[in-house]
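Shown below: model_19.csv, with CSV, C-alpha atoms.
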```
chain,number,residue,atom,x,y,z
G,1,MET,CA,200.3,140.0,14.7
G,2,LEU,CA,202.2,136.7,14.8
G,3,GLU,CA,205.5,138.4,14.0
G,4,TYR,CA,205.4,140.7,17.0
G,5,ARG,CA,204.2,138.2,19.6
G,6,ALA,CA,206.2,139.8,22.4
G,7,GLU,CA,204.5,143.1,21.9
G,8,LEU,CA,201.1,141.4,21.8
G,9,PHE,CA,201.9,139.6,25.1
G,10,ILE,CA,202.6,143.0,26.7
G,11,TRP,CA,199.3,144.3,25.4
G,12,VAL,CA,197.5,141.3,26.9
G,13,LEU,CA,199.2,141.9,30.3
G,14,SER,CA,198.3,145.6,30.1
G,15,ASN,CA,194.7,144.7,30.5
G,16,SER,CA,195.3,143.2,33.9
G,17,LEU,CA,193.4,146.0,35.7
G,18,PRO,CA,190.5,143.7,36.7
G,19,PHE,CA,193.0,141.6,38.7
G,20,ILE,CA,194.2,144.7,40.6
G,21,LEU,CA,190.6,145.7,41.3
G,22,MET,CA,189.8,142.2,42.3
G,23,GLY,CA,192.2,142.4,45.2
G,24,ALA,CA,190.6,145.7,46.4
G,25,TRP,CA,187.0,144.3,46.2
G,26,LEU,CA,188.0,141.1,47.9
G,27,LYS,CA,189.2,143.1,50.9
G,28,ALA,CA,186.1,145.3,50.8
G,29,SER,CA,183.8,142.2,50.6
G,30,GLU,CA,185.1,140.9,54.0
G,31,ASN,CA,182.5,143.1,55.6
G,32,GLY,CA,179.8,141.3,53.7
G,33,GLY,CA,177.8,144.4,52.8
G,34,PHE,CA,177.7,143.8,49.0
G,35,GLY,CA,175.7,140.6,48.8
G,36,ILE,CA,178.5,139.1,46.7
G,37,THR,CA,180.8,136.5,48.1
G,38,SER,CA,184.6,136.5,47.7
G,39,LEU,CA,184.4,133.6,45.2
G,40,GLU,CA,181.9,135.5,43.1
G,41,PHE,CA,184.2,138.5,43.0
G,42,ILE,CA,187.1,136.4,41.9
G,43,ARG,CA,185.2,134.7,39.1
G,44,TYR,CA,183.6,137.9,38.0
G,45,PHE,CA,186.9,139.8,37.6
G,46,LEU,CA,188.4,136.8,35.8
G,47,ALA,CA,185.4,136.9,33.4
G,48,VAL,CA,185.9,140.6,32.9
G,49,PHE,CA,189.6,140.0,32.0
G,50,ILE,CA,188.6,137.4,29.5
G,51,VAL,CA,185.8,139.5,27.9
G,52,ARG,CA,188.1,142.6,27.7
G,53,GLN,CA,190.7,140.6,25.7
G,54,PHE,CA,188.1,140.2,22.9
G,55,ASN,CA,186.7,143.7,22.8
G,56,ILE,CA,189.8,145.8,22.9
G,57,VAL,CA,189.6,148.3,19.9
G,58,TRP,CA,192.1,150.8,18.6
G,59,VAL,CA,190.6,151.6,15.2
G,60,ILE,CA,190.3,155.3,15.9
G,61,TRP,CA,194.1,155.7,16.2
G,62,ASP,CA,194.7,153.7,13.0
G,63,PHE,CA,192.1,155.6,11.1
G,64,GLU,CA,193.3,159.0,12.4
G,65,LYS,CA,196.8,158.1,11.4
G,66,GLU,CA,195.8,157.0,7.9
G,67,LEU,CA,193.7,160.1,7.3
G,68,LEU,CA,196.3,162.6,8.5
G,69,SER,CA,199.2,160.9,6.6
G,70,GLY,CA,197.2,160.5,3.4
G,71,GLN,CA,197.3,156.7,3.5
G,72,LEU,CA,193.6,156.7,3.3
G,73,SER,CA,193.9,157.5,-0.3
G,74,HIS,CA,195.3,154.0,-1.0
G,75,ARG,CA,192.4,152.5,0.9
G,76,LEU,CA,189.9,154.3,-1.3
G,77,LEU,CA,191.5,152.8,-4.4
G,78,GLN,CA,190.6,149.3,-3.2
G,79,PRO,CA,187.2,147.8,-4.0
G,80,ILE,CA,186.3,147.4,-0.4
G,81,ASP,CA,185.2,149.8,2.3
G,82,PRO,CA,188.1,150.7,4.7
G,83,PHE,CA,185.8,149.7,7.6
G,84,TRP,CA,186.3,146.0,6.7
G,85,HIS,CA,190.1,146.3,6.5
G,86,HIS,CA,190.2,147.5,10.1
G,87,PHE,CA,187.5,145.1,11.3
G,88,VAL,CA,189.2,142.0,10.0
G,89,GLY,CA,192.5,143.2,11.3
G,90,HIS,CA,191.0,143.3,14.8
G,91,ILE,CA,189.7,139.8,14.4
G,92,ALA,CA,193.1,138.5,13.3
G,93,GLU,CA,194.6,140.1,16.4
G,94,ARG,CA,192.1,138.2,18.6
G,95,CYS,CA,193.2,134.9,17.1
G,96,ALA,CA,196.9,135.7,17.7
G,97,ARG,CA,196.4,136.5,21.4
G,98,LEU,CA,194.2,133.5,22.1
G,99,PRO,CA,197.0,131.1,23.1
G,100,MET,CA,198.4,133.7,25.5
G,101,LEU,CA,195.0,134.2,27.0
G,102,VAL,CA,194.6,130.5,27.6
G,103,GLY,CA,197.9,130.3,29.4
G,104,LEU,CA,197.1,133.2,31.7
G,105,ILE,CA,193.7,131.7,32.6
G,106,ALA,CA,195.5,128.4,33.5
G,107,LEU,CA,198.0,130.4,35.6
G,108,PHE,CA,195.1,132.2,37.4
G,109,PHE,CA,193.4,128.9,38.3
G,110,VAL,CA,196.8,127.6,39.7
G,111,ILE,CA,196.9,130.7,41.9
G,112,TYR,CA,193.2,130.6,42.8
G,113,PRO,CA,192.3,126.9,42.6
G,114,GLN,CA,189.0,127.5,44.5
G,115,SER,CA,187.8,129.7,41.6
G,116,PHE,CA,188.0,127.0,39.0
G,117,TRP,CA,184.8,126.4,37.1
G,118,ILE,CA,183.7,125.2,33.7
G,119,PRO,CA,180.8,127.1,32.1
G,120,SER,CA,177.9,125.1,30.8
G,121,TRP,CA,177.6,124.6,27.1
G,122,ALA,CA,174.6,126.9,27.0
G,123,ASP,CA,176.5,129.7,28.9
G,124,GLY,CA,179.6,129.2,26.8
G,125,VAL,CA,177.7,129.4,23.4
G,126,VAL,CA,175.7,132.4,24.6
G,127,THR,CA,178.8,134.2,25.9
G,128,ILE,CA,180.6,133.7,22.6
G,129,LEU,CA,177.6,135.2,20.8
G,130,ILE,CA,177.3,138.2,23.2
G,131,VAL,CA,181.1,138.8,23.2
G,132,ALA,CA,181.0,139.0,19.4
G,133,ILE,CA,178.1,141.4,19.4
G,134,ALA,CA,179.8,143.5,22.2
G,135,PHE,CA,183.0,143.7,20.1
G,136,THR,CA,181.1,144.8,17.1
G,137,LEU,CA,179.3,147.5,19.1
G,138,ARG,CA,182.5,148.7,20.7
G,139,PHE,CA,184.1,148.8,17.2
G,140,LEU,CA,181.2,150.7,15.7
G,141,ILE,CA,181.3,153.3,18.5
G,142,GLN,CA,185.0,153.9,18.1
G,143,TYR,CA,184.9,153.9,14.3
G,144,THR,CA,182.2,156.5,14.5
G,145,PHE,CA,184.4,158.7,16.6
G,146,GLY,CA,187.2,158.1,14.1
G,147,MET,CA,185.1,159.8,11.5
G,148,PHE,CA,185.6,163.1,13.3
G,149,ALA,CA,189.2,162.9,12.1
G,150,PHE,CA,187.9,164.5,8.9
G,151,TRP,CA,187.4,167.7,10.8
G,152,THR,CA,189.9,167.5,13.6
G,153,GLU,CA,193.5,166.2,14.0
G,154,ARG,CA,192.7,164.8,17.4
G,155,ALA,CA,189.6,162.7,17.0
G,156,SER,CA,191.2,160.2,19.5
G,157,ALA,CA,190.6,162.8,22.2
G,158,ILE,CA,186.9,162.0,21.9
G,159,GLU,CA,187.6,158.3,22.5
G,160,GLN,CA,189.6,159.2,25.6
G,161,LEU,CA,186.8,161.2,27.0
G,162,TRP,CA,184.3,158.4,26.2
G,163,PHE,CA,186.7,155.9,27.9
G,164,LEU,CA,186.3,157.6,31.2
G,165,ALA,CA,182.5,156.8,31.2
G,166,TYR,CA,183.2,153.4,29.7
G,167,ILE,CA,185.6,152.2,32.4
G,168,PHE,CA,183.3,153.2,35.2
G,169,LEU,CA,179.9,152.1,33.8
G,170,SER,CA,180.9,149.0,31.8
G,171,GLY,CA,181.6,146.9,34.9
G,172,ILE,CA,185.3,147.0,34.7
G,173,ILE,CA,185.7,148.9,38.0
G,174,ALA,CA,183.1,146.9,39.8
G,175,PRO,CA,180.1,144.6,39.1
G,176,LEU,CA,176.9,146.7,38.7
G,177,GLU,CA,175.3,145.0,41.7
G,178,VAL,CA,177.3,147.3,44.0
G,179,PHE,CA,175.8,150.4,42.3
G,180,PRO,CA,172.6,152.1,43.7
G,181,LEU,CA,169.5,150.5,42.2
G,182,LEU,CA,168.4,153.7,40.3
G,183,VAL,CA,171.9,154.2,38.8
G,184,ARG,CA,172.0,150.6,37.7
G,185,GLU,CA,168.6,150.8,36.0
G,186,ILE,CA,169.6,153.9,34.1
G,187,VAL,CA,173.0,152.5,33.1
G,188,MET,CA,171.4,149.4,31.7
G,189,TRP,CA,169.9,151.5,28.9
G,190,THR,CA,173.3,152.8,27.8
G,191,PRO,CA,175.7,150.8,25.7
G,192,PHE,CA,178.4,150.6,28.4
G,193,PRO,CA,177.4,147.6,30.5
G,194,TYR,CA,176.8,145.4,27.5
G,195,MET,CA,180.4,145.6,26.4
G,196,VAL,CA,181.9,144.0,29.6
G,197,TYR,CA,179.5,143.4,32.5
G,198,PHE,CA,176.7,141.7,30.5
G,199,PRO,CA,178.9,139.0,28.8
G,200,ALA,CA,181.0,138.5,31.9
G,201,THR,CA,177.9,137.9,34.0
G,202,ILE,CA,176.6,135.4,31.5
G,203,LEU,CA,180.0,133.6,31.5
G,204,ILE,CA,180.0,133.0,35.3
G,205,GLY,CA,176.4,131.7,35.1
G,206,LYS,CA,174.4,134.5,36.7
G,207,ASP,CA,170.9,135.4,35.6
G,208,VAL,CA,170.6,138.4,33.3
G,209,ASN,CA,167.8,140.1,31.4
G,210,PHE,CA,168.9,138.5,28.1
G,211,TRP,CA,166.4,139.9,25.7
G,212,GLN,CA,166.7,143.4,27.1
G,213,GLY,CA,170.4,143.2,26.6
G,214,ILE,CA,170.1,142.0,23.0
G,215,GLY,CA,167.6,144.7,22.3
G,216,VAL,CA,169.6,147.5,23.8
G,217,MET,CA,172.8,146.3,22.0
G,218,ALA,CA,171.0,146.1,18.7
G,219,GLY,CA,169.5,149.5,19.1
G,220,TRP,CA,172.8,151.2,19.8
G,221,MET,CA,174.5,149.3,16.9
G,222,VAL,CA,171.9,150.7,14.5
G,223,VAL,CA,172.4,154.2,15.9
G,224,PHE,CA,176.1,154.2,15.6
G,225,PHE,CA,176.1,152.5,12.2
G,226,VAL,CA,173.8,155.1,10.7
G,227,PHE,CA,175.7,157.9,12.3
G,228,SER,CA,179.1,156.6,11.1
G,229,ARG,CA,177.8,156.2,7.5
G,230,TRP,CA,176.5,159.7,7.6
G,231,LEU,CA,179.8,161.1,8.9
G,232,TRP,CA,181.7,159.1,6.3
G,233,ARG,CA,179.7,160.5,3.4
G,234,LYS,CA,180.1,164.0,4.7
G,235,GLY,CA,183.8,163.6,5.6
G,236,ILE,CA,184.9,161.9,2.4
G,237,LYS,CA,183.6,164.9,0.3
G,238,GLN,CA,186.1,167.2,1.9
G,239,TYR,CA,189.0,164.7,2.2
G,240,SER,CA,192.1,166.1,0.5
G,241,GLY,CA,194.7,163.4,1.0
G,242,MET,CA,196.8,165.4,3.4
G,243,GLY,CA,200.4,164.3,3.3
G,244,ALA,CA,200.0,162.2,0.2
```
How does this structure look as structure tokens?
Amino acid sequence: MLEYRAELFIWVLSNSLPFILMGAWLKASENGGFGITSLEFIRYFLAVFIVRQFNIVWVIWDFEKELLSGQLSHRLLQPIDPFWHHFVGHIAERCARLPMLVGLIALFFVIYPQSFWIPSWADGVVTILIVAIAFTLRFLIQYTFGMFAFWTERASAIEQLWFLAYIFLSGIIAPLEVFPLLVREIVMWTPFPYMVYFPATILIGKDVNFWQGIGVMAGWMVVFFVFSRWLWRKGIKQYSGMGA
């Protein structure tokens, strides 16, 4: 990750969609019909950008490649579950992109000085905890989808389909406050908003149903962990080391 810093910088910039959407919502908020001020929109989308930098996951593509090329055979010879190889690799990438993220945040505050704020210690600590849980949940979901590579050569297509729901319901496109009340109440029981909207809202200091969020996240983590372990046991029995 340190060797290819230029590539990593490009990946950081590729997640600038929240800033593009921020401009659109700032224009829309001029009518004042959303109950959210322009300043709140600016801070929210900055928080979304920050949170997304820590929960980007690509394990399904790596696992799919390893399985189809036969490289998974080498992983199976090691005294550690392949899950941890990918998980720690993602954490290492977060550490490598952190200095770039700090620089981009500083540049953002130069461009939008009115949006500058410093989260309280409590909000900062809770945000770090929630972001860590959100990353783990996102990783578990995508790793579970990766298990389907034992049966299909394009398991990544499942992730691409899932991503359509993720980008609309996670709060990337817009804060959930602009959604109809019934839709928002239903969405809050899915894993989507807890991967972006929930930690971003905490970061900017807005009130959230903290314990409901923790409970829903924990529940979905258990579901996907159990499902992924079941798929792993079924899939590894028929793995033939293709390409090895």
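Taking atom CA of G:Asp81 as the reference point, atom CA of G:Gly219 is found at 23.0 Å.
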### Message
Need to verify the contact set: stretch 82-88 of chain G, 9 Å, all atoms listed in the file, exclusion of same-chain residues closer than 3 positions in sequence. Can you return it as a VMD selection string?
### Response
chain G and resid 59 62 to 63 72 75 to 76 78 91 to 93 136 139 143
Determine, using only C-alpha atoms, which residues of stretch 38-63 of chain G have any atom at most 8 Å from an atom of stretch 115-127 of chain G, and tabulate each with its shortest atom pair and distance in Å to one decimal place, rows ordered by chain and then rising number, as CSV.
```
residue,atom,partner,partner_atom,distance
G:Leu39,CA,G:Ser115,CA,6.3
G:Ile42,CA,G:Ser115,CA,6.7
G:Arg43,CA,G:Ser115,CA,6.2
```
### Task
Find the residues around stretch 220-223 of chain G up to 7 Å (only C-alpha atoms counted), leave out those fewer than 5 positions away in its own chain, and share them as a list in words.
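Non-adjacent residues within range: Leu137, Leu140 and Pro191 of chain G.
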### Task
Report the distance between atom CA of G:Trp11 and atom CA of G:Leu101 in Å, rounded to one decimal place.
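Between these atoms lies a distance of 11.1 Å.
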### Between atom CA of G:Phe19 and atom CA of G:Gln212 - distance in Å to one decimal
28.8 Å
### Selection: 7 Å around stretch 195-204 of chain G, only C-alpha atoms, excl. self and same-chain fewer than 2 positions, as a count of residues only
22
Show me, as an mmCIF file with C-alpha atoms, keeping the file's coordinate frame, the residues that have an atom within 12 Å of G:Pro99 when counting all atoms listed in the file, minus same-chain residues fewer than 4 positions from it.
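Output file part12.cif follows:
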```cif
data_model
loop_
_atom_site.group_PDB
_atom_site.id
_atom_site.type_symbol
_atom_site.label_atom_id
_atom_site.label_comp_id
_atom_site.auth_asym_id
_atom_site.auth_seq_id
_atom_site.Cartn_x
_atom_site.Cartn_y
_atom_site.Cartn_z
ATOM 1 C CA LEU G 2 202.200 136.700 14.800
ATOM 2 C CA ARG G 5 204.200 138.200 19.600
ATOM 3 C CA LEU G 8 201.100 141.400 21.800
ATOM 4 C CA PHE G 9 201.900 139.600 25.100
ATOM 5 C CA VAL G 12 197.500 141.300 26.900
ATOM 6 C CA GLN G 53 190.700 140.600 25.700
ATOM 7 C CA GLU G 93 194.600 140.100 16.400
ATOM 8 C CA ARG G 94 192.100 138.200 18.600
ATOM 9 C CA CYS G 95 193.200 134.900 17.100
ATOM 10 C CA GLY G 103 197.900 130.300 29.400
ATOM 11 C CA LEU G 104 197.100 133.200 31.700
ATOM 12 C CA ILE G 105 193.700 131.700 32.600
ATOM 13 C CA ALA G 106 195.500 128.400 33.500
#
```
As a PDB file, keeping the file's coordinate frame, could you write out stretch 83-94 of chain G once it has been completed with all heavy atoms?
```pdb
ATOM      1  N   PHE G  83     186.359 150.253   6.325  1.00  0.00           N
ATOM      2  CA  PHE G  83     185.800 149.700   7.600  1.00  0.00           C
ATOM      3  C   PHE G  83     186.190 148.239   7.720  1.00  0.00           C
ATOM      4  O   PHE G  83     186.595 147.800   8.799  1.00  0.00           O
ATOM      5  CB  PHE G  83     184.277 149.851   7.549  1.00  0.00           C
ATOM      6  CG  PHE G  83     183.578 149.159   8.680  1.00  0.00           C
ATOM      7  CD1 PHE G  83     183.319 149.824   9.863  1.00  0.00           C
ATOM      8  CD2 PHE G  83     183.168 147.828   8.572  1.00  0.00           C
ATOM      9  CE1 PHE G  83     182.662 149.196  10.916  1.00  0.00           C
ATOM     10  CE2 PHE G  83     182.510 147.183   9.612  1.00  0.00           C
ATOM     11  CZ  PHE G  83     182.259 147.868  10.785  1.00  0.00           C
ATOM     12  N   TRP G  84     186.081 147.472   6.634  1.00  0.00           N
ATOM     13  CA  TRP G  84     186.300 146.000   6.700  1.00  0.00           C
ATOM     14  C   TRP G  84     187.795 145.707   6.864  1.00  0.00           C
ATOM     15  O   TRP G  84     188.150 144.700   7.477  1.00  0.00           O
ATOM     16  CB  TRP G  84     185.759 145.344   5.465  1.00  0.00           C
ATOM     17  CG  TRP G  84     184.269 145.469   5.392  1.00  0.00           C
ATOM     18  CD1 TRP G  84     183.530 146.217   4.520  1.00  0.00           C
ATOM     19  CD2 TRP G  84     183.319 144.841   6.275  1.00  0.00           C
ATOM     20  NE1 TRP G  84     182.192 146.099   4.798  1.00  0.00           N
ATOM     21  CE2 TRP G  84     182.032 145.270   5.854  1.00  0.00           C
ATOM     22  CE3 TRP G  84     183.443 143.981   7.358  1.00  0.00           C
ATOM     23  CZ2 TRP G  84     180.884 144.837   6.510  1.00  0.00           C
ATOM     24  CZ3 TRP G  84     182.298 143.556   8.005  1.00  0.00           C
ATOM     25  CH2 TRP G  84     181.030 143.982   7.581  1.00  0.00           C
ATOM     26  N   HIS G  85     188.656 146.548   6.346  1.00  0.00           N
ATOM     27  CA  HIS G  85     190.100 146.300   6.500  1.00  0.00           C
ATOM     28  C   HIS G  85     190.438 146.382   8.030  1.00  0.00           C
ATOM     29  O   HIS G  85     191.142 145.503   8.547  1.00  0.00           O
ATOM     30  CB  HIS G  85     190.889 147.420   5.793  1.00  0.00           C
ATOM     31  CG  HIS G  85     192.334 147.486   6.165  1.00  0.00           C
ATOM     32  ND1 HIS G  85     193.280 146.624   5.636  1.00  0.00           N
ATOM     33  CD2 HIS G  85     193.012 148.289   7.035  1.00  0.00           C
ATOM     34  CE1 HIS G  85     194.466 146.890   6.164  1.00  0.00           C
ATOM     35  NE2 HIS G  85     194.336 147.904   7.006  1.00  0.00           N
ATOM     36  N   HIS G  86     189.920 147.380   8.712  1.00  0.00           N
ATOM     37  CA  HIS G  86     190.200 147.500  10.100  1.00  0.00           C
ATOM     38  C   HIS G  86     189.475 146.436  10.948  1.00  0.00           C
ATOM     39  O   HIS G  86     190.031 145.896  11.908  1.00  0.00           O
ATOM     40  CB  HIS G  86     189.765 148.897  10.621  1.00  0.00           C
ATOM     41  CG  HIS G  86     190.539 150.023  10.021  1.00  0.00           C
ATOM     42  ND1 HIS G  86     191.862 150.263  10.325  1.00  0.00           N
ATOM     43  CD2 HIS G  86     190.185 150.968   9.115  1.00  0.00           C
ATOM     44  CE1 HIS G  86     192.290 151.318   9.649  1.00  0.00           C
ATOM     45  NE2 HIS G  86     191.300 151.761   8.910  1.00  0.00           N
ATOM     46  N   PHE G  87     188.259 146.122  10.565  1.00  0.00           N
ATOM     47  CA  PHE G  87     187.500 145.100  11.300  1.00  0.00           C
ATOM     48  C   PHE G  87     188.128 143.765  11.278  1.00  0.00           C
ATOM     49  O   PHE G  87     188.293 143.117  12.318  1.00  0.00           O
ATOM     50  CB  PHE G  87     186.065 145.065  10.707  1.00  0.00           C
ATOM     51  CG  PHE G  87     185.091 144.246  11.512  1.00  0.00           C
ATOM     52  CD1 PHE G  87     184.476 144.778  12.635  1.00  0.00           C
ATOM     53  CD2 PHE G  87     184.777 142.938  11.147  1.00  0.00           C
ATOM     54  CE1 PHE G  87     183.580 144.039  13.387  1.00  0.00           C
ATOM     55  CE2 PHE G  87     183.883 142.183  11.887  1.00  0.00           C
ATOM     56  CZ  PHE G  87     183.283 142.735  13.013  1.00  0.00           C
ATOM     57  N   VAL G  88     188.550 143.329  10.100  1.00  0.00           N
ATOM     58  CA  VAL G  88     189.200 142.000  10.000  1.00  0.00           C
ATOM     59  C   VAL G  88     190.550 142.008  10.644  1.00  0.00           C
ATOM     60  O   VAL G  88     190.972 140.995  11.205  1.00  0.00           O
ATOM     61  CB  VAL G  88     189.291 141.621   8.476  1.00  0.00           C
ATOM     62  CG1 VAL G  88     190.073 140.318   8.320  1.00  0.00           C
ATOM     63  CG2 VAL G  88     187.903 141.467   7.867  1.00  0.00           C
ATOM     64  N   GLY G  89     191.245 143.155  10.615  1.00  0.00           N
ATOM     65  CA  GLY G  89     192.500 143.200  11.300  1.00  0.00           C
ATOM     66  C   GLY G  89     192.389 143.017  12.803  1.00  0.00           C
ATOM     67  O   GLY G  89     193.225 142.369  13.431  1.00  0.00           O
ATOM     68  N   HIS G  90     191.313 143.535  13.371  1.00  0.00           N
ATOM     69  CA  HIS G  90     191.000 143.300  14.800  1.00  0.00           C
ATOM     70  C   HIS G  90     190.756 141.852  15.089  1.00  0.00           C
ATOM     71  O   HIS G  90     191.202 141.304  16.099  1.00  0.00           O
ATOM     72  CB  HIS G  90     189.867 144.181  15.244  1.00  0.00           C
ATOM     73  CG  HIS G  90     190.225 145.612  15.520  1.00  0.00           C
ATOM     74  ND1 HIS G  90     190.698 146.460  14.558  1.00  0.00           N
ATOM     75  CD2 HIS G  90     190.174 146.342  16.682  1.00  0.00           C
ATOM     76  CE1 HIS G  90     190.922 147.644  15.091  1.00  0.00           C
ATOM     77  NE2 HIS G  90     190.622 147.601  16.378  1.00  0.00           N
ATOM     78  N   ILE G  91     190.002 141.216  14.211  1.00  0.00           N
ATOM     79  CA  ILE G  91     189.700 139.800  14.400  1.00  0.00           C
ATOM     80  C   ILE G  91     190.955 138.948  14.345  1.00  0.00           C
ATOM     81  O   ILE G  91     191.133 138.013  15.136  1.00  0.00           O
ATOM     82  CB  ILE G  91     188.662 139.328  13.353  1.00  0.00           C
ATOM     83  CG1 ILE G  91     187.322 140.056  13.570  1.00  0.00           C
ATOM     84  CG2 ILE G  91     188.463 137.824  13.429  1.00  0.00           C
ATOM     85  CD1 ILE G  91     186.279 139.728  12.520  1.00  0.00           C
ATOM     86  N   ALA G  92     191.851 139.267  13.419  1.00  0.00           N
ATOM     87  CA  ALA G  92     193.100 138.500  13.300  1.00  0.00           C
ATOM     88  C   ALA G  92     193.926 138.660  14.592  1.00  0.00           C
ATOM     89  O   ALA G  92     194.562 137.702  15.039  1.00  0.00           O
ATOM     90  CB  ALA G  92     193.909 139.066  12.115  1.00  0.00           C
ATOM     91  N   GLU G  93     193.893 139.847  15.187  1.00  0.00           N
ATOM     92  CA  GLU G  93     194.600 140.100  16.400  1.00  0.00           C
ATOM     93  C   GLU G  93     194.062 139.193  17.555  1.00  0.00           C
ATOM     94  O   GLU G  93     194.802 138.677  18.389  1.00  0.00           O
ATOM     95  CB  GLU G  93     194.571 141.546  16.807  1.00  0.00           C
ATOM     96  CG  GLU G  93     195.534 141.968  17.913  1.00  0.00           C
ATOM     97  CD  GLU G  93     194.893 141.864  19.283  1.00  0.00           C
ATOM     98  OE1 GLU G  93     193.673 141.619  19.377  1.00  0.00           O
ATOM     99  OE2 GLU G  93     195.622 142.016  20.279  1.00  0.00           O
ATOM    100  N   ARG G  94     192.720 139.025  17.581  1.00  0.00           N
ATOM    101  CA  ARG G  94     192.100 138.200  18.600  1.00  0.00           C
ATOM    102  C   ARG G  94     192.615 136.732  18.491  1.00  0.00           C
ATOM    103  O   ARG G  94     192.886 136.082  19.502  1.00  0.00           O
ATOM    104  CB  ARG G  94     190.576 138.134  18.444  1.00  0.00           C
ATOM    105  CG  ARG G  94     189.843 139.446  18.545  1.00  0.00           C
ATOM    106  CD  ARG G  94     190.064 140.100  19.890  1.00  0.00           C
ATOM    107  NE  ARG G  94     190.873 141.279  19.722  1.00  0.00           N
ATOM    108  CZ  ARG G  94     190.402 142.519  19.628  1.00  0.00           C
ATOM    109  NH1 ARG G  94     189.112 142.719  19.718  1.00  0.00           N
ATOM    110  NH2 ARG G  94     191.200 143.540  19.470  1.00  0.00           N
TER     111      ARG G  94
END
```
